[in-house]
Amino acid sequence: MADPKLSDARVLVITGAGISAESGIATFRGPGGYWRKMDPAKLATEAAFRSDPALVWEWYRERREQIRGACPNAAHIAVVELAATAGDFLLVTQNVDDLHLRAKWNGRALAPELCVQIHGDIFVTRCSRCDYRTTKRLHADDAASVPVCPRCEIALRPGVVWFGESLPPNEVQRVEAFLDGGRADVTIVIGTTALFGYIVEWAVRGRRAGGELVEINPEETPLSPHATRAIRGAAAAALPGLVAEWSHSGLGSSPSRHSVGG
Ligand code: OAD
């Protein structure tokens with residue numbers, strides 16, 4: 001590693017559902033990932049919404065409720081610490097929950113400009129025809145109903161990216177700008193099955209330029225062969241110690257490839 005000090009390092013963090021698992025939010029593909037025996041992958045599509053908007057809204061209503069009742073865990077807090085300590089920082093999360101933004105370290109929250117929610121935000125409700133969007137709590141959050149656009153009078157949808165849809169271009173641009181701005185000295189990928197090509201591509205970009213790629217996940221993923229260090233443990237147990245180690249001893253303290261446990 002060229003620069004051993006965290007305060008001089010460019011750090012990219014990529015997270016998935018696993019980082020929120022210890023906050024009690026079910027992952028997509030793990031145990032509890034099914035909703036009333038329905039595959040989330042089949043509900044999170046435009047076609048599912050068109051054919052049964054009430055059912056899709058019911059799923060999102062329950063998830064919003066679950067997230068509202070959840071608290072950020074030690075891993076979310078450690079990400080804020082990293083952001084506050086690193087020289088340059090970007091978080092790319094696939095999670096539509098708001099736990100990264102609610103986490104506080106030393107009274108500080110993550111600045112929104114340091115966080116890209118690449119799959120959208122579950123608390124946004126928007127129109128698919130016009131630019132109407134709101135983050136207000138809606139009647140649909142409390143009762144079985146489908147919210148309607150006040151302008152177009154068509155069903156509003158959650159502000160998330162569904163299967164088969166394009167990523168929000170402005171958010172992709174923010175990730176590209178960070179990666180184009182210099183190599184990521186450290187990329188940490190936490191709690192994702194890394195099934196999407198763009199996630200793997202962003203993660204390995206810094207690595208190709210000689211940076212570290214750390215994976216924190218109890219299981220192996222398609223990204224594992226690229227990792228310079230793999231911590232096979234739970235994020236809330238592993239990440240705080242790693243950040244403390246880097247803050248204290250610098251990045252050069254990273255042990256060799258594939259350590260186990262956190
Ligand atoms: P998944 O549910 O596919 O994967 C969760 C990952 O977290 C798995 O690799 C687990 O091994 C790991 N994991 C479980 N518990 C963990 C813990 N305590 N600490 C660390 N890791 C843990 O979720 P994602 O990879 O985030 O997309 O899924 C990616 C995308 O697929 C989601 O954003 C969503 C989904 O369909 C859209 O909605 C577009």
# chains A, B, ... in the order shown; residues from 1 in each chain; ligands from 1

$ residues_around --residues "segment 72-89 of chain A" --least-positions-apart "5" --cutoff "8 Å" --atoms "only C-alpha atoms" --output "PyMOL selection string"
chain A and resi 6-13+19-20+22-23+99-100+102-105+108-110+114+235-240+243+247

$ write_last_selection --atoms "N, CA, C and O atoms" --output "compact mmCIF listing (two decimals), in the first residue's frame"
# COMPACT_ATOMS: atom_id res chain seq x y z
N LEU A 6 -4.69 6.56 7.04
CA LEU A 6 -6.10 6.60 6.66
C LEU A 6 -6.52 8.02 6.29
O LEU A 6 -7.31 8.23 5.38
N SER A 7 -5.95 9.00 7.00
CA SER A 7 -6.36 10.39 6.75
C SER A 7 -5.93 10.89 5.37
O SER A 7 -6.39 11.92 4.92
N ASP A 8 -5.03 10.15 4.71
CA ASP A 8 -4.61 10.53 3.35
C ASP A 8 -5.25 9.63 2.30
O ASP A 8 -5.01 9.82 1.10
N ALA A 9 -5.98 8.65 2.73
CA ALA A 9 -6.44 7.60 1.78
C ALA A 9 -7.78 7.95 1.14
O ALA A 9 -8.61 8.63 1.74
N ARG A 10 -7.95 7.45 -0.07
CA ARG A 10 -9.26 7.51 -0.73
C ARG A 10 -9.94 6.17 -0.46
O ARG A 10 -9.39 5.11 -0.78
N VAL A 11 -11.11 6.24 0.12
CA VAL A 11 -11.80 5.01 0.55
C VAL A 11 -13.16 4.92 -0.13
O VAL A 11 -13.95 5.86 -0.09
N LEU A 12 -13.40 3.79 -0.76
CA LEU A 12 -14.71 3.51 -1.34
C LEU A 12 -15.34 2.37 -0.56
O LEU A 12 -14.71 1.33 -0.36
N VAL A 13 -16.56 2.59 -0.09
CA VAL A 13 -17.28 1.52 0.61
C VAL A 13 -18.50 1.16 -0.23
O VAL A 13 -19.23 2.04 -0.69
N ILE A 19 -25.30 -5.58 5.52
CA ILE A 19 -24.88 -4.63 6.56
C ILE A 19 -26.07 -4.25 7.45
O ILE A 19 -25.90 -3.86 8.60
N SER A 20 -27.27 -4.40 6.93
CA SER A 20 -28.45 -4.07 7.74
C SER A 20 -29.06 -5.30 8.41
O SER A 20 -30.04 -5.19 9.14
N GLU A 22 -27.98 -7.15 10.82
CA GLU A 22 -27.96 -7.12 12.29
C GLU A 22 -28.81 -6.01 12.88
O GLU A 22 -28.92 -5.88 14.09
N SER A 23 -29.42 -5.21 12.03
CA SER A 23 -30.43 -4.25 12.50
C SER A 23 -31.82 -4.87 12.41
O SER A 23 -32.82 -4.20 12.66
N LEU A 99 -30.60 3.56 6.97
CA LEU A 99 -29.79 3.33 8.18
C LEU A 99 -28.39 3.95 8.06
O LEU A 99 -27.84 4.42 9.06
N HIS A 100 -27.83 3.99 6.87
CA HIS A 100 -26.53 4.65 6.72
C HIS A 100 -26.65 6.13 7.08
O HIS A 100 -25.76 6.71 7.69
N ARG A 102 -28.90 7.55 8.99
CA ARG A 102 -29.31 7.79 10.39
C ARG A 102 -28.20 7.50 11.38
O ARG A 102 -28.28 7.85 12.55
N ALA A 103 -27.16 6.76 10.93
CA ALA A 103 -26.08 6.37 11.86
C ALA A 103 -25.26 7.60 12.25
O ALA A 103 -25.02 8.49 11.43
N LYS A 104 -24.85 7.65 13.51
CA LYS A 104 -24.05 8.78 13.99
C LYS A 104 -22.79 8.28 14.68
O LYS A 104 -22.84 7.33 15.47
N TRP A 105 -21.69 8.93 14.39
CA TRP A 105 -20.42 8.65 15.07
C TRP A 105 -19.93 9.96 15.67
O TRP A 105 -19.83 10.96 14.96
N ARG A 108 -21.85 12.88 14.73
CA ARG A 108 -21.87 13.29 13.32
C ARG A 108 -22.55 12.23 12.47
O ARG A 108 -22.33 11.05 12.66
N ALA A 109 -23.31 12.70 11.50
CA ALA A 109 -23.94 11.78 10.54
C ALA A 109 -23.17 11.85 9.23
O ALA A 109 -22.36 12.75 9.02
N LEU A 110 -23.44 10.90 8.37
CA LEU A 110 -22.81 10.87 7.05
C LEU A 110 -23.41 12.00 6.20
O LEU A 110 -24.63 12.11 6.10
N LEU A 114 -21.76 12.23 0.46
CA LEU A 114 -20.81 11.12 0.53
C LEU A 114 -21.50 9.77 0.35
O LEU A 114 -20.86 8.73 0.46
N ALA A 235 -20.83 -8.07 9.63
CA ALA A 235 -20.33 -6.71 9.47
C ALA A 235 -20.23 -5.97 10.80
O ALA A 235 -19.22 -5.29 11.06
N ALA A 236 -21.24 -6.09 11.65
CA ALA A 236 -21.24 -5.31 12.90
C ALA A 236 -20.13 -5.76 13.83
O ALA A 236 -19.63 -4.98 14.65
N ALA A 237 -19.71 -7.02 13.69
CA ALA A 237 -18.60 -7.51 14.52
C ALA A 237 -17.25 -7.14 13.90
O ALA A 237 -16.30 -6.81 14.60
N ALA A 238 -17.18 -7.16 12.56
CA ALA A 238 -15.88 -7.03 11.89
C ALA A 238 -15.47 -5.59 11.60
O ALA A 238 -14.30 -5.23 11.76
N LEU A 239 -16.39 -4.76 11.15
CA LEU A 239 -15.99 -3.45 10.63
C LEU A 239 -15.45 -2.49 11.70
O LEU A 239 -14.43 -1.83 11.45
N PRO A 240 -16.07 -2.40 12.88
CA PRO A 240 -15.53 -1.44 13.86
C PRO A 240 -14.06 -1.73 14.20
O PRO A 240 -13.26 -0.80 14.29
N VAL A 243 -11.78 -0.60 11.26
CA VAL A 243 -11.63 0.87 11.20
C VAL A 243 -10.72 1.34 12.34
O VAL A 243 -9.85 2.19 12.15
N SER A 247 -7.31 3.33 11.84
CA SER A 247 -7.15 4.67 12.43
C SER A 247 -5.91 4.70 13.31
O SER A 247 -5.18 5.68 13.36

$ select_by_dssp --residues "segment 105-229 of chain A" --states "strand (DSSP E or B)" --output "NGL selection string"
:A and (105 or 108-109 or 115-117 or 120-126 or 133-134 or 148 or 155 or 157-160 or 163 or 186-190 or 212-216 or 229)

$ closest_atom_pairs --of "chain A" --to "ligand 1" --cutoff "8 Å" --atoms "only C-alpha atoms and all ligand atoms" --output "CSV"
residue,atom,partner,partner_atom_place_in_ligand_line,distance
A:Thr15,CA,ligand 1,26 (O),6.9
A:Gly16,CA,ligand 1,26 (O),3.2
A:Ala17,CA,ligand 1,26 (O),3.8
A:Gly18,CA,ligand 1,7 (O),3.3
A:Ile19,CA,ligand 1,19 (N),5.1
A:Ser20,CA,ligand 1,18 (N),7.3
A:Ala21,CA,ligand 1,18 (N),5.1
A:Glu22,CA,ligand 1,18 (N),5.4
A:Ala26,CA,ligand 1,2 (O),7.6
A:Thr27,CA,ligand 1,2 (O),3.9
A:Phe28,CA,ligand 1,2 (O),3.4
A:Arg29,CA,ligand 1,2 (O),3.8
A:Gly30,CA,ligand 1,2 (O),5.4
A:Gly33,CA,ligand 1,2 (O),7.0
A:Pro40,CA,ligand 1,36 (O),7.1
A:Ala41,CA,ligand 1,36 (O),5.8
A:Ala44,CA,ligand 1,38 (O),6.4
A:Thr93,CA,ligand 1,33 (O),7.9
A:Gln94,CA,ligand 1,33 (O),4.2
A:Asn95,CA,ligand 1,33 (O),5.2
A:Val96,CA,ligand 1,33 (O),7.1
A:His119,CA,ligand 1,39 (C),5.3
A:Val160,CA,ligand 1,38 (O),6.9
A:Val161,CA,ligand 1,39 (C),4.9
A:Trp162,CA,ligand 1,39 (C),4.8
A:Phe163,CA,ligand 1,39 (C),5.5
A:Ile190,CA,ligand 1,20 (C),5.8
A:Gly191,CA,ligand 1,21 (N),3.3
A:Thr192,CA,ligand 1,25 (O),3.3
A:Thr193,CA,ligand 1,9 (O),3.7
A:Ala194,CA,ligand 1,25 (O),5.3
A:Leu195,CA,ligand 1,25 (O),6.6
A:Phe196,CA,ligand 1,29 (C),7.4
A:Ile216,CA,ligand 1,20 (C),5.9
A:Asn217,CA,ligand 1,21 (N),4.1
A:Pro218,CA,ligand 1,11 (O),5.3
A:Glu219,CA,ligand 1,11 (O),4.6
A:Glu220,CA,ligand 1,9 (O),7.3
A:Thr221,CA,ligand 1,9 (O),6.5
A:Gly233,CA,ligand 1,19 (N),6.4
A:Ala234,CA,ligand 1,19 (N),3.5
A:Ala235,CA,ligand 1,19 (N),3.8
A:Ala236,CA,ligand 1,19 (N),6.6

$ write_last_selection --atoms "C-alpha atoms" --output "compact mmCIF listing (two decimals), in the first residue's frame"
# COMPACT_ATOMS: atom_id res chain seq x y z
CA THR A 15 -22.67 -2.09 0.89
CA GLY A 16 -25.57 -4.48 0.41
CA ALA A 17 -28.38 -5.90 2.50
CA GLY A 18 -25.97 -7.81 4.79
CA ILE A 19 -24.88 -4.63 6.56
CA SER A 20 -28.45 -4.07 7.74
CA ALA A 21 -29.01 -7.72 8.70
CA GLU A 22 -27.96 -7.12 12.29
CA ALA A 26 -33.98 -9.36 6.22
CA THR A 27 -31.58 -9.68 3.29
CA PHE A 28 -33.04 -10.39 -0.14
CA ARG A 29 -31.59 -13.81 -0.74
CA GLY A 30 -30.87 -15.05 2.78
CA GLY A 33 -35.75 -13.03 2.43
CA PRO A 40 -38.88 -10.39 -3.75
CA ALA A 41 -37.27 -10.53 -7.18
CA ALA A 44 -39.61 -5.71 -7.45
CA THR A 93 -25.07 1.42 -1.06
CA GLN A 94 -27.49 -0.91 -2.80
CA ASN A 95 -29.74 -0.59 0.22
CA VAL A 96 -32.91 1.42 -0.04
CA HIS A 119 -30.94 1.42 -6.04
CA VAL A 160 -36.48 2.42 -5.95
CA VAL A 161 -34.81 0.76 -8.92
CA TRP A 162 -36.64 -2.37 -9.98
CA PHE A 163 -35.23 -5.36 -11.87
CA ILE A 190 -19.78 -5.35 2.84
CA GLY A 191 -22.75 -7.69 2.90
CA THR A 192 -23.59 -8.11 -0.75
CA THR A 193 -23.86 -11.17 -2.96
CA ALA A 194 -22.29 -8.92 -5.64
CA LEU A 195 -24.52 -10.34 -8.34
CA PHE A 196 -24.58 -7.19 -10.41
CA ILE A 216 -16.70 -8.49 4.70
CA ASN A 217 -19.23 -11.26 4.28
CA PRO A 218 -19.81 -14.54 6.10
CA GLU A 219 -20.01 -16.21 2.68
CA GLU A 220 -17.93 -16.28 -0.47
CA THR A 221 -19.20 -14.22 -3.40
CA GLY A 233 -17.79 -12.61 9.62
CA ALA A 234 -20.74 -10.37 10.36
CA ALA A 235 -20.33 -6.71 9.47
CA ALA A 236 -21.24 -5.31 12.90

$ closest_residue --among "A:Phe123, A:Gln173, A:Thr187, A:Arg157" --to "Leu91 of chain A" --atoms "only C-alpha atoms"
A:Thr187

$ closest_residue --among "A:Cys71, A:Cys152, A:Cys115, A:Leu101" --to "Glu171 of chain A" --atoms "only C-alpha atoms"
A:Cys115

$ atom_distance --atom1 "atom CA of Ile199 of chain A" --atom2 "atom CA of Ala227 of chain A"
13.5 Å

$ closest_residue --among "A:Ala155, A:Asp39, A:Leu242, A:Ala184" --to "Ser51 of chain A" --atoms "only C-alpha atoms"
A:Ala155

$ residues_around --residues "Cys149 of chain A" --least-positions-apart "5" --cutoff "9 Å" --atoms "only C-alpha atoms" --output "list in words"
Arg126, Cys127, Cys130, Tyr132, Arg133, Ile154, Ala155 and Leu156 of chain A

$ write_last_selection --atoms "N, CA and C atoms" --output "mmCIF file, in the first residue's frame"
data_model
loop_
_atom_site.group_PDB
_atom_site.id
_atom_site.type_symbol
_atom_site.label_atom_id
_atom_site.label_comp_id
_atom_site.auth_asym_id
_atom_site.auth_seq_id
_atom_site.Cartn_x
_atom_site.Cartn_y
_atom_site.Cartn_z
ATOM 1 N N ARG A 126 -42.852 8.319 -5.921
ATOM 2 C CA ARG A 126 -42.770 9.182 -7.104
ATOM 3 C C ARG A 126 -43.688 8.724 -8.224
ATOM 4 N N CYS A 127 -43.872 9.645 -9.159
ATOM 5 C CA CYS A 127 -44.705 9.342 -10.319
ATOM 6 C C CYS A 127 -43.808 8.813 -11.425
ATOM 7 N N CYS A 130 -44.671 11.945 -14.512
ATOM 8 C CA CYS A 130 -44.172 13.313 -14.367
ATOM 9 C C CYS A 130 -43.063 13.332 -13.306
ATOM 10 N N TYR A 132 -43.194 14.447 -10.301
ATOM 11 C CA TYR A 132 -43.681 14.526 -8.922
ATOM 12 C C TYR A 132 -42.976 13.495 -8.044
ATOM 13 N N ARG A 133 -42.466 13.953 -6.904
ATOM 14 C CA ARG A 133 -41.892 13.024 -5.928
ATOM 15 C C ARG A 133 -42.066 13.609 -4.533
ATOM 16 N N ILE A 154 -52.308 8.913 -11.808
ATOM 17 C CA ILE A 154 -51.964 7.484 -11.981
ATOM 18 C C ILE A 154 -51.284 7.022 -10.692
ATOM 19 N N ALA A 155 -51.172 5.718 -10.541
ATOM 20 C CA ALA A 155 -50.578 5.169 -9.314
ATOM 21 C C ALA A 155 -49.138 5.645 -9.147
ATOM 22 N N LEU A 156 -48.835 6.150 -7.955
ATOM 23 C CA LEU A 156 -47.444 6.491 -7.638
ATOM 24 C C LEU A 156 -46.699 5.215 -7.286
#

$ atom_distance --atom1 "atom CA of Glu212 of chain A" --atom2 "atom CA of Gln117 of chain A"
22.9 Å

$ residues_around --residues "Gly206 of chain A" --least-positions-apart "2" --cutoff "10 Å" --atoms "only C-alpha atoms" --output "mmCIF file with N, CA and C atoms, in the first residue's frame"
data_model
loop_
_atom_site.group_PDB
_atom_site.id
_atom_site.type_symbol
_atom_site.label_atom_id
_atom_site.label_comp_id
_atom_site.auth_asym_id
_atom_site.auth_seq_id
_atom_site.Cartn_x
_atom_site.Cartn_y
_atom_site.Cartn_z
ATOM 1 N N ARG A 10 -7.948 7.450 -0.074
ATOM 2 C CA ARG A 10 -9.262 7.508 -0.735
ATOM 3 C C ARG A 10 -9.941 6.166 -0.463
ATOM 4 N N VAL A 11 -11.111 6.239 0.116
ATOM 5 C CA VAL A 11 -11.795 5.013 0.547
ATOM 6 C C VAL A 11 -13.162 4.919 -0.130
ATOM 7 N N LEU A 12 -13.400 3.786 -0.757
ATOM 8 C CA LEU A 12 -14.713 3.510 -1.344
ATOM 9 C C LEU A 12 -15.341 2.365 -0.558
ATOM 10 N N LEU A 179 -14.383 7.478 -8.893
ATOM 11 C CA LEU A 179 -13.382 6.514 -9.372
ATOM 12 C C LEU A 179 -12.420 7.155 -10.371
ATOM 13 N N ASP A 180 -12.931 8.113 -11.140
ATOM 14 C CA ASP A 180 -12.051 8.804 -12.088
ATOM 15 C C ASP A 180 -11.124 9.781 -11.379
ATOM 16 N N GLY A 182 -9.107 9.364 -9.062
ATOM 17 C CA GLY A 182 -7.881 8.746 -8.527
ATOM 18 C C GLY A 182 -8.216 7.361 -8.031
ATOM 19 N N ARG A 183 -7.195 6.578 -7.805
ATOM 20 C CA ARG A 183 -7.466 5.199 -7.398
ATOM 21 C C ARG A 183 -8.036 5.183 -5.972
ATOM 22 N N ALA A 184 -8.881 4.210 -5.699
ATOM 23 C CA ALA A 184 -9.321 4.008 -4.319
ATOM 24 C C ALA A 184 -8.216 3.203 -3.631
ATOM 25 N N ASP A 185 -7.624 3.793 -2.589
ATOM 26 C CA ASP A 185 -6.563 3.059 -1.878
ATOM 27 C C ASP A 185 -7.145 1.821 -1.216
ATOM 28 N N VAL A 186 -8.370 1.989 -0.720
ATOM 29 C CA VAL A 186 -9.065 0.853 -0.122
ATOM 30 C C VAL A 186 -10.502 0.844 -0.600
ATOM 31 N N THR A 187 -10.951 -0.311 -1.036
ATOM 32 C CA THR A 187 -12.367 -0.514 -1.340
ATOM 33 C C THR A 187 -12.851 -1.596 -0.389
ATOM 34 N N GLU A 201 -17.564 -4.423 -10.985
ATOM 35 C CA GLU A 201 -16.665 -3.538 -11.740
ATOM 36 C C GLU A 201 -16.170 -2.373 -10.883
ATOM 37 N N TRP A 202 -17.074 -1.710 -10.174
ATOM 38 C CA TRP A 202 -16.655 -0.589 -9.323
ATOM 39 C C TRP A 202 -15.701 -1.069 -8.231
ATOM 40 N N ALA A 203 -15.999 -2.259 -7.697
ATOM 41 C CA ALA A 203 -15.170 -2.759 -6.590
ATOM 42 C C ALA A 203 -13.742 -3.074 -7.046
ATOM 43 N N VAL A 204 -13.604 -3.629 -8.235
ATOM 44 C CA VAL A 204 -12.253 -4.064 -8.636
ATOM 45 C C VAL A 204 -11.435 -2.945 -9.283
ATOM 46 N N ARG A 208 -7.342 -2.849 -9.283
ATOM 47 C CA ARG A 208 -6.507 -2.947 -10.491
ATOM 48 C C ARG A 208 -5.371 -1.934 -10.452
ATOM 49 N N ALA A 209 -5.637 -0.797 -9.798
ATOM 50 C CA ALA A 209 -4.609 0.246 -9.723
ATOM 51 C C ALA A 209 -3.706 0.049 -8.509
ATOM 52 N N GLY A 210 -3.827 -1.065 -7.856
ATOM 53 C CA GLY A 210 -2.912 -1.368 -6.747
ATOM 54 C C GLY A 210 -3.492 -1.134 -5.364
ATOM 55 N N GLY A 211 -4.784 -0.846 -5.280
ATOM 56 C CA GLY A 211 -5.399 -0.631 -3.966
ATOM 57 C C GLY A 211 -5.815 -1.947 -3.308
ATOM 58 N N GLU A 212 -6.226 -1.823 -2.055
ATOM 59 C CA GLU A 212 -6.726 -2.992 -1.318
ATOM 60 C C GLU A 212 -8.204 -3.204 -1.630
ATOM 61 N N LEU A 213 -8.627 -4.442 -1.675
ATOM 62 C CA LEU A 213 -10.055 -4.752 -1.794
ATOM 63 C C LEU A 213 -10.416 -5.692 -0.655
#

$ closest_residue --among "A:Ala47, A:Ala54, A:Ile14, A:Leu167" --to "Val148 of chain A" --atoms "only C-alpha atoms"
A:Ala54

$ select_by_dssp --residues "segment 109-235 of chain A" --states "helix (DSSP H, G or I)" --output "ChimeraX atom specification"
/A:112-114,139-142,169-180,197-208,224-226,235

$ write_last_selection --atoms "N, CA, C and O atoms" --output "short mmCIF file (atom, residue, chain, number, x, y, z; two decimals), in the first residue's frame"
data_model
loop_
_atom_site.label_atom_id
_atom_site.label_comp_id
_atom_site.auth_asym_id
_atom_site.auth_seq_id
_atom_site.Cartn_x
_atom_site.Cartn_y
_atom_site.Cartn_z
N PRO A 112 -24.89 13.67 3.09
CA PRO A 112 -25.57 13.01 1.96
C PRO A 112 -24.72 12.99 0.69
O PRO A 112 -24.82 12.06 -0.11
N GLU A 113 -23.83 13.97 0.54
CA GLU A 113 -23.00 13.98 -0.70
C GLU A 113 -21.94 12.89 -0.69
O GLU A 113 -21.30 12.61 -1.69
N LEU A 114 -21.76 12.23 0.46
CA LEU A 114 -20.81 11.12 0.53
C LEU A 114 -21.50 9.77 0.35
O LEU A 114 -20.86 8.73 0.46
N HIS A 139 -50.81 8.35 3.18
CA HIS A 139 -51.92 7.51 3.63
C HIS A 139 -51.59 6.04 3.35
O HIS A 139 -51.85 5.16 4.16
N ALA A 140 -50.92 5.81 2.21
CA ALA A 140 -50.57 4.42 1.83
C ALA A 140 -49.60 3.78 2.82
O ALA A 140 -49.44 2.57 2.83
N ASP A 141 -48.93 4.61 3.65
CA ASP A 141 -48.04 4.04 4.65
C ASP A 141 -48.81 3.45 5.81
O ASP A 141 -48.29 2.67 6.59
N ASP A 142 -50.03 3.87 5.99
CA ASP A 142 -50.80 3.45 7.16
C ASP A 142 -52.01 2.59 6.82
O ASP A 142 -52.58 1.96 7.69
N PRO A 169 -28.99 7.85 -13.65
CA PRO A 169 -27.75 8.30 -14.29
C PRO A 169 -26.92 9.25 -13.43
O PRO A 169 -25.69 9.17 -13.42
N ASN A 170 -27.60 10.16 -12.69
CA ASN A 170 -26.83 11.11 -11.86
C ASN A 170 -26.04 10.39 -10.78
O ASN A 170 -24.93 10.79 -10.43
N GLU A 171 -26.64 9.32 -10.24
CA GLU A 171 -25.96 8.58 -9.17
C GLU A 171 -24.79 7.78 -9.73
O GLU A 171 -23.72 7.71 -9.13
N VAL A 172 -24.99 7.20 -10.92
CA VAL A 172 -23.89 6.48 -11.58
C VAL A 172 -22.74 7.46 -11.83
O VAL A 172 -21.56 7.16 -11.58
N GLN A 173 -23.10 8.66 -12.28
CA GLN A 173 -22.10 9.69 -12.57
C GLN A 173 -21.28 10.03 -11.32
O GLN A 173 -20.08 10.23 -11.39
N ARG A 174 -21.93 10.07 -10.17
CA ARG A 174 -21.22 10.39 -8.92
C ARG A 174 -20.19 9.31 -8.59
O ARG A 174 -19.11 9.58 -8.11
N VAL A 175 -20.56 8.04 -8.84
CA VAL A 175 -19.62 6.94 -8.57
C VAL A 175 -18.45 7.03 -9.55
O VAL A 175 -17.28 6.93 -9.17
N GLU A 176 -18.79 7.24 -10.82
CA GLU A 176 -17.73 7.32 -11.86
C GLU A 176 -16.79 8.48 -11.55
O GLU A 176 -15.57 8.34 -11.71
N ALA A 177 -17.36 9.61 -11.12
CA ALA A 177 -16.52 10.78 -10.83
C ALA A 177 -15.55 10.46 -9.70
O ALA A 177 -14.37 10.83 -9.75
N PHE A 178 -16.02 9.74 -8.70
CA PHE A 178 -15.12 9.38 -7.59
C PHE A 178 -14.01 8.47 -8.10
O PHE A 178 -12.83 8.67 -7.80
N LEU A 179 -14.38 7.48 -8.89
CA LEU A 179 -13.38 6.51 -9.37
C LEU A 179 -12.42 7.16 -10.37
O LEU A 179 -11.24 6.81 -10.41
N ASP A 180 -12.93 8.11 -11.14
CA ASP A 180 -12.05 8.80 -12.09
C ASP A 180 -11.12 9.78 -11.38
O ASP A 180 -10.11 10.20 -11.94
N GLY A 197 -23.06 -6.82 -12.25
CA GLY A 197 -21.77 -6.56 -12.88
C GLY A 197 -21.20 -5.21 -12.49
O GLY A 197 -19.99 -5.08 -12.28
N TYR A 198 -22.06 -4.19 -12.38
CA TYR A 198 -21.53 -2.85 -12.07
C TYR A 198 -20.93 -2.81 -10.66
O TYR A 198 -19.97 -2.09 -10.42
N ILE A 199 -21.47 -3.61 -9.75
CA ILE A 199 -20.92 -3.62 -8.38
C ILE A 199 -19.52 -4.24 -8.41
O ILE A 199 -18.56 -3.69 -7.84
N VAL A 200 -19.38 -5.35 -9.12
CA VAL A 200 -18.07 -6.00 -9.21
C VAL A 200 -17.09 -5.06 -9.91
O VAL A 200 -15.96 -4.86 -9.47
N GLU A 201 -17.56 -4.42 -10.98
CA GLU A 201 -16.66 -3.54 -11.74
C GLU A 201 -16.17 -2.37 -10.88
O GLU A 201 -14.97 -2.08 -10.84
N TRP A 202 -17.07 -1.71 -10.17
CA TRP A 202 -16.66 -0.59 -9.32
C TRP A 202 -15.70 -1.07 -8.23
O TRP A 202 -14.74 -0.39 -7.89
N ALA A 203 -16.00 -2.26 -7.70
CA ALA A 203 -15.17 -2.76 -6.59
C ALA A 203 -13.74 -3.07 -7.05
O ALA A 203 -12.79 -2.79 -6.32
N VAL A 204 -13.60 -3.63 -8.24
CA VAL A 204 -12.25 -4.06 -8.64
C VAL A 204 -11.44 -2.94 -9.28
O VAL A 204 -10.24 -3.11 -9.48
N ARG A 205 -12.09 -1.82 -9.56
CA ARG A 205 -11.38 -0.74 -10.24
C ARG A 205 -10.18 -0.23 -9.44
O ARG A 205 -9.08 -0.09 -9.96
N GLY A 206 -10.39 0.03 -8.14
CA GLY A 206 -9.29 0.49 -7.31
C GLY A 206 -8.22 -0.58 -7.15
O GLY A 206 -7.02 -0.30 -7.17
N ARG A 207 -8.66 -1.80 -7.08
CA ARG A 207 -7.76 -2.94 -6.90
C ARG A 207 -6.79 -3.07 -8.08
O ARG A 207 -5.61 -3.31 -7.90
N ARG A 208 -7.34 -2.85 -9.28
CA ARG A 208 -6.51 -2.95 -10.49
C ARG A 208 -5.37 -1.93 -10.45
O ARG A 208 -4.31 -2.16 -11.00
N SER A 224 -15.08 -12.53 -4.22
CA SER A 224 -14.05 -13.07 -3.32
C SER A 224 -12.70 -13.33 -3.99
O SER A 224 -11.66 -13.01 -3.42
N PRO A 225 -12.68 -13.87 -5.22
CA PRO A 225 -11.37 -14.13 -5.83
C PRO A 225 -10.56 -12.86 -6.07
O PRO A 225 -9.34 -12.91 -6.20
N HIS A 226 -11.25 -11.70 -6.12
CA HIS A 226 -10.53 -10.44 -6.36
C HIS A 226 -10.06 -9.78 -5.07
O HIS A 226 -9.30 -8.82 -5.10
N ALA A 235 -20.83 -8.07 9.63
CA ALA A 235 -20.33 -6.71 9.47
C ALA A 235 -20.23 -5.97 10.80
O ALA A 235 -19.22 -5.29 11.06
#

$ atom_distance --atom1 "atom CA of Ile67 of chain A" --atom2 "atom CA of Tyr34 of chain A"
16.2 Å
